[in-house]
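Asks: So here's work.cif (mmCIF, C-alpha atoms).
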data_query
#
loop_
_atom_site.label_atom_id
_atom_site.label_comp_id
_atom_site.auth_asym_id
_atom_site.auth_seq_id
_atom_site.Cartn_x
_atom_site.Cartn_y
_atom_site.Cartn_z
CA MET A 995 158.97 -32.70 17.15
CA GLY A 996 160.58 -32.96 20.58
CA ALA A 997 162.80 -35.56 22.24
CA SER A 998 162.31 -38.56 24.49
CA THR A 999 163.05 -37.98 28.17
CA SER A 1000 163.01 -41.54 29.49
CA GLY A 1001 165.78 -42.62 31.87
CA HIS A 1002 168.80 -40.71 33.12
CA GLY A 1003 170.97 -41.22 30.07
CA THR A 1004 174.66 -42.02 29.80
CA GLU A 1005 177.75 -40.18 28.58
CA GLU A 1006 177.18 -41.67 25.13
CA MET A 1007 173.45 -40.90 25.17
CA PRO A 1008 172.60 -37.99 27.50
CA MET A 1009 168.98 -37.51 28.50
CA ALA A 1010 166.94 -34.78 26.86
CA SER A 1011 165.67 -31.89 28.97
CA ASN A 1012 162.43 -32.73 30.77
CA ASP A 1013 160.36 -30.13 28.88
CA SER A 1014 161.13 -31.60 25.46
CA GLY A 1015 158.40 -34.22 25.53
CA PRO A 1016 156.12 -35.68 24.56
CA VAL A 1017 157.23 -36.15 20.98
CA HIS A 1018 154.38 -34.95 18.75
CA ARG A 1019 153.59 -34.38 15.07
CA VAL A 1020 153.89 -30.91 13.56
CA TYR A 1021 153.48 -29.42 10.08
CA VAL A 1022 155.11 -26.12 9.08
CA ASP A 1023 154.67 -24.13 5.88
CA GLY A 1024 157.71 -23.46 3.71
CA PHE A 1025 160.17 -20.74 4.73
CA TRP A 1026 163.72 -19.55 4.17
CA MET A 1027 166.26 -19.47 7.01
CA ASP A 1028 169.60 -17.72 7.42
CA ALA A 1029 172.40 -20.24 6.85
CA THR A 1030 174.20 -19.05 9.98
CA PRO A 1031 173.49 -17.15 13.18
CA VAL A 1032 173.70 -13.38 12.68
CA SER A 1033 177.37 -12.38 12.91
CA ASN A 1034 179.02 -9.42 14.63
CA GLU A 1035 179.68 -7.95 11.20
CA GLN A 1036 176.03 -8.19 10.17
CA PHE A 1037 174.77 -6.78 13.45
CA GLU A 1038 177.20 -3.88 13.21
CA ASN A 1039 175.79 -3.00 9.78
CA PHE A 1040 172.33 -2.86 11.37
CA VAL A 1041 173.53 -0.62 14.21
CA LYS A 1042 175.33 1.72 11.79
CA ALA A 1043 172.22 1.98 9.62
CA THR A 1044 169.74 2.58 12.43
CA GLY A 1045 171.60 3.87 15.48
CA TYR A 1046 170.00 1.08 17.51
CA VAL A 1047 171.16 0.71 21.12
CA THR A 1048 170.87 -2.79 22.60
CA ILE A 1049 169.28 -3.40 25.99
CA ALA A 1050 172.64 -4.33 27.52
CA GLU A 1051 173.97 -0.89 26.55
CA ARG A 1052 171.11 0.98 28.24
CA THR A 1053 171.33 2.03 31.89
CA PRO A 1054 168.51 0.43 33.90
CA THR A 1055 166.19 2.91 35.62
CA LYS A 1056 164.74 3.04 39.12
CA GLU A 1057 161.27 2.82 37.55
CA GLU A 1058 162.15 -0.51 35.94
CA PHE A 1059 163.80 -1.94 39.06
CA PRO A 1060 162.35 -0.08 42.07
CA THR A 1061 163.90 -2.37 44.67
CA ALA A 1062 167.42 -2.45 43.22
CA PRO A 1063 170.23 -0.54 44.97
CA ALA A 1064 171.46 2.46 42.98
CA GLU A 1065 174.91 0.91 42.55
CA ASN A 1066 173.33 -2.02 40.72
CA LEU A 1067 171.63 0.20 38.13
CA VAL A 1068 174.47 0.01 35.59
CA ALA A 1069 174.47 -1.05 31.95
CA GLY A 1070 175.77 -4.56 31.49
CA SER A 1071 174.87 -8.15 30.83
CA VAL A 1072 175.33 -11.74 31.98
CA VAL A 1073 178.68 -13.49 31.43
CA PHE A 1074 179.86 -17.04 31.97
CA ALA A 1075 182.99 -17.37 34.10
CA PRO A 1076 184.58 -20.77 34.71
CA THR A 1077 185.10 -21.74 38.34
CA ASP A 1078 188.60 -22.42 39.68
CA HIS A 1079 187.55 -25.72 41.28
CA ASP A 1080 184.93 -28.45 41.00
CA VAL A 1081 181.49 -27.33 42.19
CA PRO A 1082 178.10 -29.05 42.55
CA LEU A 1083 176.03 -28.46 39.42
CA ASN A 1084 172.85 -27.51 41.29
CA ASN A 1085 173.43 -23.73 41.33
CA HIS A 1086 174.13 -21.97 38.03
CA TYR A 1087 174.85 -18.68 39.79
CA GLN A 1088 178.28 -20.14 40.55
CA TRP A 1089 179.33 -19.63 36.93
CA TRP A 1090 177.10 -16.80 35.74
CA SER A 1091 177.42 -13.17 36.84
CA TYR A 1092 176.15 -9.74 35.81
CA VAL A 1093 179.11 -7.79 34.40
CA LYS A 1094 179.10 -4.01 34.10
CA GLY A 1095 179.90 -2.95 30.55
CA ALA A 1096 179.22 -6.34 28.96
CA ASN A 1097 177.32 -6.02 25.67
CA TRP A 1098 177.53 -7.14 22.06
CA ARG A 1099 180.64 -5.04 21.43
CA HIS A 1100 182.26 -6.29 24.65
CA PRO A 1101 180.85 -9.82 25.13
CA LEU A 1102 182.89 -10.68 28.24
CA GLY A 1103 183.01 -7.16 29.70
CA PRO A 1104 184.83 -3.88 29.00
CA GLN A 1105 188.21 -5.60 28.60
CA SER A 1106 186.95 -7.67 25.64
CA ASP A 1107 186.27 -6.57 22.07
CA LEU A 1108 185.43 -7.88 18.61
CA LYS A 1109 188.80 -7.50 16.87
CA GLY A 1110 189.17 -10.38 14.45
CA LYS A 1111 185.73 -11.70 15.40
CA GLU A 1112 183.64 -10.25 12.58
CA LYS A 1113 182.50 -13.73 11.55
CA TYR A 1114 181.62 -14.87 15.08
CA PRO A 1115 177.94 -14.98 16.10
CA VAL A 1116 176.78 -11.78 17.77
CA VAL A 1117 175.96 -12.42 21.43
CA GLN A 1118 174.65 -10.46 24.43
CA ILE A 1119 171.45 -9.97 22.44
CA ALA A 1120 168.11 -9.69 24.26
CA TYR A 1121 164.91 -10.74 22.51
CA PRO A 1122 163.82 -7.16 21.54
CA ASP A 1123 167.29 -6.60 20.03
CA ALA A 1124 166.94 -9.69 17.86
CA GLU A 1125 163.41 -8.67 16.90
CA ALA A 1126 164.59 -5.18 15.90
CA TYR A 1127 167.32 -6.59 13.67
CA ALA A 1128 164.91 -9.02 12.02
CA LYS A 1129 162.42 -6.25 11.25
CA TRP A 1130 165.18 -4.07 9.77
CA ALA A 1131 166.31 -6.99 7.58
CA GLY A 1132 162.77 -7.64 6.33
CA LYS A 1133 162.68 -10.94 8.16
CA ARG A 1134 161.42 -12.33 11.47
CA LEU A 1135 162.49 -14.73 14.19
CA PRO A 1136 161.67 -18.41 13.69
CA THR A 1137 158.99 -20.24 15.56
CA GLU A 1138 160.26 -23.10 17.68
CA ALA A 1139 158.67 -25.58 15.26
CA GLU A 1140 160.39 -23.95 12.29
CA PHE A 1141 163.73 -24.06 14.09
CA GLU A 1142 163.46 -27.76 14.84
CA PHE A 1143 162.23 -28.61 11.34
CA ALA A 1144 165.21 -26.73 9.87
CA ALA A 1145 167.65 -28.18 12.41
CA ARG A 1146 166.71 -31.76 11.50
CA GLY A 1147 167.82 -31.07 7.93
CA GLY A 1148 165.54 -33.70 6.42
CA LEU A 1149 166.41 -36.43 8.94
CA SER A 1150 163.63 -37.92 11.04
CA GLY A 1151 163.80 -39.21 14.60
CA LYS A 1152 167.55 -38.71 15.02
CA VAL A 1153 169.19 -37.73 18.31
CA TYR A 1154 171.44 -35.05 16.82
CA VAL A 1155 171.26 -32.65 13.88
CA TRP A 1156 173.57 -34.99 11.94
CA GLY A 1157 172.38 -38.45 13.09
CA ASP A 1158 172.51 -40.75 16.11
CA GLU A 1159 176.25 -40.74 16.86
CA PHE A 1160 177.67 -37.75 18.72
CA ARG A 1161 181.04 -38.07 16.93
CA PRO A 1162 180.58 -40.08 13.73
CA CYS A 1163 183.94 -41.63 12.76
CA GLY A 1164 185.52 -39.56 15.55
CA LYS A 1165 184.61 -36.23 13.89
CA TRP A 1166 183.43 -33.23 15.90
CA MET A 1167 180.13 -32.02 14.43
CA ALA A 1168 179.31 -29.05 16.69
CA ASN A 1169 180.92 -26.62 19.12
CA THR A 1170 180.24 -27.99 22.58
CA TRP A 1171 182.09 -28.23 25.91
CA GLN A 1172 184.78 -30.82 26.57
CA GLY A 1173 186.41 -31.35 29.94
CA LYS A 1174 185.16 -30.79 33.47
CA PHE A 1175 182.21 -28.38 33.62
CA PRO A 1176 182.28 -25.54 34.62
CA VAL A 1177 186.02 -25.53 35.37
CA LYS A 1178 187.72 -25.73 31.97
CA ASP A 1179 186.66 -26.22 28.36
CA ALA A 1180 189.42 -28.45 27.00
CA GLY A 1181 188.70 -27.31 23.43
CA GLN A 1182 189.16 -30.75 21.92
CA ASP A 1183 186.74 -29.78 19.13
CA GLY A 1184 189.12 -26.97 18.14
CA TYR A 1185 187.47 -24.18 20.13
CA ALA A 1186 187.50 -23.34 23.83
CA GLY A 1187 184.49 -21.03 23.86
CA ILE A 1188 182.64 -19.51 20.94
CA ALA A 1189 183.62 -20.31 17.35
CA PRO A 1190 183.23 -18.45 14.05
CA VAL A 1191 180.13 -19.37 12.05
CA LYS A 1192 180.64 -22.22 9.56
CA SER A 1193 183.38 -23.81 11.71
CA PHE A 1194 181.54 -27.15 11.72
CA PRO A 1195 179.73 -29.08 8.97
CA PRO A 1196 176.28 -27.91 7.82
CA ASN A 1197 173.20 -30.08 8.17
CA GLY A 1198 171.21 -31.61 5.34
CA TYR A 1199 169.61 -28.26 4.48
CA GLY A 1200 172.95 -26.42 4.33
CA LEU A 1201 172.41 -24.69 7.69
CA TYR A 1202 175.31 -24.16 10.08
CA ASP A 1203 175.40 -24.11 13.91
CA MET A 1204 171.91 -25.51 14.34
CA SER A 1205 173.43 -27.33 17.30
CA GLY A 1206 176.09 -25.92 19.62
CA ASN A 1207 178.08 -22.66 19.46
CA VAL A 1208 175.33 -20.25 20.59
CA TRP A 1209 171.74 -20.63 21.74
CA GLU A 1210 169.27 -18.86 19.44
CA TRP A 1211 166.07 -16.95 20.20
CA CYS A 1212 162.76 -18.27 18.90
CA ASN A 1213 159.51 -16.34 18.67
CA ASP A 1214 157.53 -18.63 21.01
CA TRP A 1215 156.73 -17.86 24.62
CA TYR A 1216 158.09 -20.57 26.91
CA ARG A 1217 155.93 -22.99 28.86
CA PRO A 1218 157.24 -26.41 29.92
CA ASP A 1219 153.87 -28.08 29.28
CA TYR A 1220 153.26 -26.68 25.79
CA TYR A 1221 154.14 -29.92 23.98
CA LYS A 1222 151.72 -31.87 26.17
CA THR A 1223 149.00 -29.35 25.28
CA LEU A 1224 149.62 -29.98 21.57
CA ALA A 1225 149.89 -33.75 21.96
CA ASP A 1226 146.65 -33.93 23.96
CA LYS A 1227 144.77 -32.39 21.03
CA GLY A 1228 145.85 -35.32 18.85
CA GLY A 1229 146.58 -35.28 15.15
CA VAL A 1230 149.03 -32.86 13.59
CA ALA A 1231 149.70 -29.34 14.89
CA TYR A 1232 149.81 -26.94 11.94
CA ASN A 1233 152.29 -24.06 12.17
CA PRO A 1234 152.27 -23.92 16.00
CA GLN A 1235 153.12 -20.44 17.26
CA GLY A 1236 153.73 -21.31 20.91
CA PRO A 1237 151.50 -20.64 23.92
CA ASP A 1238 149.59 -17.39 24.37
CA SER A 1239 151.55 -16.44 27.49
CA PRO A 1240 154.80 -17.45 29.20
CA PHE A 1241 155.23 -19.43 32.38
CA ASP A 1242 158.30 -20.98 33.97
CA PRO A 1243 157.46 -22.58 37.33
CA SER A 1244 161.05 -22.08 38.51
CA GLU A 1245 160.75 -18.30 37.96
CA PRO A 1246 157.02 -17.55 37.62
CA ASP A 1247 157.43 -13.77 37.50
CA GLU A 1248 159.85 -13.77 34.55
CA LYS A 1249 158.63 -13.52 30.96
CA LYS A 1250 160.62 -16.03 28.94
CA ARG A 1251 160.85 -17.06 25.32
CA VAL A 1252 162.29 -20.24 23.89
CA HIS A 1253 165.96 -20.74 23.08
CA ARG A 1254 166.99 -23.47 20.67
CA GLY A 1255 170.15 -25.23 19.53
CA GLY A 1256 172.39 -25.42 22.60
CA SER A 1257 175.76 -23.67 22.88
CA PHE A 1258 179.48 -24.08 23.44
CA LEU A 1259 178.66 -24.60 27.14
CA CYS A 1260 176.50 -27.69 26.55
CA ASN A 1261 177.97 -30.95 27.77
CA ASP A 1262 177.00 -34.44 28.88
CA GLN A 1263 177.50 -33.57 32.57
CA TYR A 1264 175.04 -30.69 32.89
CA CYS A 1265 173.33 -29.43 29.72
CA SER A 1266 172.89 -31.97 26.95
CA ARG A 1267 170.68 -29.69 24.89
CA TYR A 1268 172.67 -30.14 21.72
CA ILE A 1269 170.15 -32.98 21.26
CA VAL A 1270 168.02 -31.79 18.35
CA GLY A 1271 164.57 -31.91 19.96
CA THR A 1272 165.49 -30.17 23.21
CA ARG A 1273 164.69 -26.66 24.41
CA GLY A 1274 166.11 -23.74 26.33
CA LYS A 1275 164.50 -20.60 27.73
CA GLY A 1276 165.44 -17.06 28.66
CA GLU A 1277 164.03 -13.87 30.14
CA VAL A 1278 163.29 -11.60 27.20
CA ASN A 1279 165.41 -8.63 28.30
CA THR A 1280 168.48 -10.67 29.21
CA GLY A 1281 171.38 -11.49 26.91
CA THR A 1282 174.40 -13.67 27.63
CA ASN A 1283 177.73 -14.43 25.99
CA HIS A 1284 176.38 -17.76 24.66
CA LEU A 1285 173.10 -16.48 23.15
CA GLY A 1286 172.51 -15.16 19.63
CA PHE A 1287 169.86 -15.56 16.92
CA ARG A 1288 169.15 -16.06 13.24
CA CYS A 1289 166.24 -14.97 11.09
CA VAL A 1290 163.73 -16.54 8.74
CA ARG A 1291 161.65 -15.22 5.91
CA SER A 1292 158.36 -16.52 4.54
CA PRO A 1293 156.61 -15.64 1.27
CA GLU A 1294 154.48 -12.96 2.92
CA ASN A 1295 157.66 -11.25 4.23
CA ILE A 1296 158.97 -10.98 0.68
CA ALA A 1297 155.67 -9.65 -0.68
CA GLN A 1298 155.50 -7.09 2.12
CA ARG A 1299 159.07 -5.90 1.46
CA ALA A 1300 158.37 -5.61 -2.25
CA ARG A 1301 155.37 -3.35 -1.53
CA GLN A 1302 157.51 -1.17 0.77
CA ASN A 1303 160.15 -0.74 -1.92
#
For the file at hand, write its structure as structure tokens.

Replies:
Amino acid sequence: MGASTSGHGTEEMPMASNDSGPVHRVYVDGFWMDATPVSNEQFENFVKATGYVTIAERTPTKEEFPTAPAENLVAGSVVFAPTDHDVPLNNHYQWWSYVKGANWRHPLGPQSDLKGKEKYPVVQIAYPDAEAYAKWAGKRLPTEAEFEFAARGGLSGKVYVWGDEFRPCGKWMANTWQGKFPVKDAGQDGYAGIAPVKSFPPNGYGLYDMSGNVWEWCNDWYRPDYYKTLADKGGVAYNPQGPDSPFDPSEPDEKKRVHRGGSFLCNDQYCSRYIVGTRGKGEVNTGTNHLGFRCVRSPENIAQRARQN
């Protein structure tokens, strides 16, 4: 589990993110995983059945954000917006902004909608939203170890979900960014931005979008040193559940969980985390237009559901 972080990498072989090492041995029990990220259509069925309101649709309160100006206390979410010129890649606030009215029904803001996008991954989903859907479906969110085991699809030690070549025989294998980041996605892979599920080949386990398209929530709290903690213990880590508490030294006051899989914004210039062993992270109450999720089910989930029915 994990990815090597040695060197700075090249365009053909980008470097993994620095928190993805050291590579260590992990065992996970058997489980079932959704073949695709949860789609807009599936999430809408959940909302219709339960009346659930996502975090992005709720108006923030003064109690939650006591120092925020009143005009900032509006329902919304975080949206990527390309810049109109080349910018240094050392400040992500240049291409991310909080947009009033952005939510799963309106991923880019009030002017956007889901017409014709029933089969696209649902986005603008915060961690509690994903957790609520999973519980309703009789499932749960995957651990980070489960996600990587599933993503590898039976391959061992490969750079990507499908092997060691980014484009085997010139074929696009995942929805990523082409062109100058963050100015324009050239869409050479067939999609400028998000793509419907199953737009690219599945991996060896028949799972789609395990790399690229949208990041996906995992159950684990995020700590950059967690892999070192496991590796230092030696041997094999059995069913690791992540650290007991979160910590991101770049934002120590934010509670973050792990993201996995990369997204349509990943590229060799800035974010090469379509590499199979790499990791992302996100504050639990924040969604974006490149973040979704999928669920897993283990034998005890099925037994529990059977008792309930």

Asks: Report, in Å with one decimal, the straight-line distance from CA of Lys1113 (chain A) to CA of Trp1211 (chain A).

Replies: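 These atoms are spaced 18.8 Å apart.
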
Asks: Provide the CA of Phe1241 (chain A) to CA of Arg1134 (chain A) distance in Å, to one decimal place.

Replies: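 Calculated distance between CA of Phe1241 (chain A) and CA of Arg1134 (chain A) is 22.9 Å.
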
Asks: Contacts of Ala1168 (chain A) at 12 Å or less, counting only C-alpha atoms, minus same-chain residues fewer than 6 places along, as a count of residues only?

Replies: 40

Asks: Quote the spacing between CA of Gly1198 (chain A) and CA of Asp1023 (chain A) in Å to one decimal place.

Replies: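 Between these atoms lies a distance of 18.2 Å.
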
Asks: Using the file's own x, y and z axes, so that the box edges lie along x, y and z, what centre and edge lengths in Å (one decimal) does a box around every listed atom of region 1061-1074 of chain A get when 3 Å is added on each side? Give it as JSON.

Replies:
{"center_x": 171.9, "center_y": -7.3, "center_z": 37.9, "size_x": 22.0, "size_y": 25.5, "size_z": 20.1}

Asks: Any chance you could work out the residue set of the PyMOL selection byres ((chain A and resi 1103) around 12) here, as a list in words?

Replies: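 In the shown coordinates, the PyMOL selection byres ((chain A and resi 1103) around 12) covers Ala1050, Glu1051, Ala1069, Gly1070, Ser1071, Val1072, Val1073, Phe1074, Ala1075, Ser1091, Tyr1092, Val1093, Lys1094, Gly1095, Ala1096, Asn1097, Trp1098, Arg1099, His1100, Pro1101, Leu1102, Pro1104, Gln1105, Ser1106, Asp1107, Leu1108, Gln1118, Thr1282 and Asn1283 of chain A.
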
Asks: Check which residues of region 1040-1123 of chain A sit at most 6 Å from region 1276-1281 of chain A using all atoms listed in the file, and return one row each with the closest pair of atoms and their distance in Å to one decimal, ordered by chain and rising number, as JSON lines.

Replies:
{"residue": "A:Gln1118", "atom": "CA", "partner": "A:Gly1281", "partner_atom": "CA", "distance": 4.2}
{"residue": "A:Ile1119", "atom": "CA", "partner": "A:Gly1281", "partner_atom": "CA", "distance": 4.7}
{"residue": "A:Ala1120", "atom": "CA", "partner": "A:Gly1281", "partner_atom": "CA", "distance": 4.6}
{"residue": "A:Tyr1121", "atom": "CA", "partner": "A:Val1278", "partner_atom": "CA", "distance": 5.0}

Asks: Would you pick out the contacts of Asp1214 (chain A) at 12 Å or less, using all atoms listed in the file, so that residues sharing its chain but fewer than 4 positions from it are not included, and give the list as a ChimeraX atom specification?

Replies: /A:1121,1135-1141,1210,1218,1220,1233-1241,1249-1254,1273-1276,1278

Asks: List, as a list of chain:residue names, every residue that the PyMOL selection byres ((chain A and resi 1175) around 8) selects in the file provided.

Replies: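 Those residues are A:Asp1080, A:Trp1171, A:Gln1172, A:Gly1173, A:Lys1174, A:Pro1176, A:Val1177, A:Lys1178, A:Asp1179, A:Asn1261, A:Gln1263, A:Tyr1264.
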
Asks: Output C-alpha atoms for every residue in that selection, as an mmCIF file, keeping the file's coordinate frame.

Replies:
data_model
loop_
_atom_site.group_PDB
_atom_site.id
_atom_site.type_symbol
_atom_site.label_atom_id
_atom_site.label_comp_id
_atom_site.auth_asym_id
_atom_site.auth_seq_id
_atom_site.Cartn_x
_atom_site.Cartn_y
_atom_site.Cartn_z
ATOM 1 C CA ASP A 1080 184.930 -28.450 41.000
ATOM 2 C CA TRP A 1171 182.090 -28.230 25.910
ATOM 3 C CA GLN A 1172 184.780 -30.820 26.570
ATOM 4 C CA GLY A 1173 186.410 -31.350 29.940
ATOM 5 C CA LYS A 1174 185.160 -30.790 33.470
ATOM 6 C CA PRO A 1176 182.280 -25.540 34.620
ATOM 7 C CA VAL A 1177 186.020 -25.530 35.370
ATOM 8 C CA LYS A 1178 187.720 -25.730 31.970
ATOM 9 C CA ASP A 1179 186.660 -26.220 28.360
ATOM 10 C CA ASN A 1261 177.970 -30.950 27.770
ATOM 11 C CA GLN A 1263 177.500 -33.570 32.570
ATOM 12 C CA TYR A 1264 175.040 -30.690 32.890
#

Asks: With all atoms listed in the file as the basis for distance, which of A:Trp1089, A:Tyr1221, A:Tyr1127, A:Tyr1046 is at the shortest distance from Val1290 (chain A)?

Replies: A:Tyr1127

Asks: If you count all atoms listed in the file, which residues fall within 8 Å of Glu1112 (chain A), apart from same-chain ones fewer than 3 positions away, as JSON, numbers by chain?

Replies: {"A": [1033, 1034, 1035, 1108, 1109]}

Asks: Using all atoms listed in the file, which of A:Pro1243, A:Gly1200, A:Gly1228, A:Pro1115 sits nearest Gln1036 (chain A)?

Replies: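 Once distances to Gln1036 (chain A) are computed over all atoms listed in the file, the minimum belongs to A:Pro1115.
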
Asks: Of the residues A:Met1167, A:Val1020, A:Ala1180, A:Ala1029, which is the one nearest to Val1230 (chain A), using only C-alpha atoms?

Replies: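 Comparing A:Met1167, A:Val1020, A:Ala1180, A:Ala1029 against Val1230 (chain A), the winner is A:Val1020.
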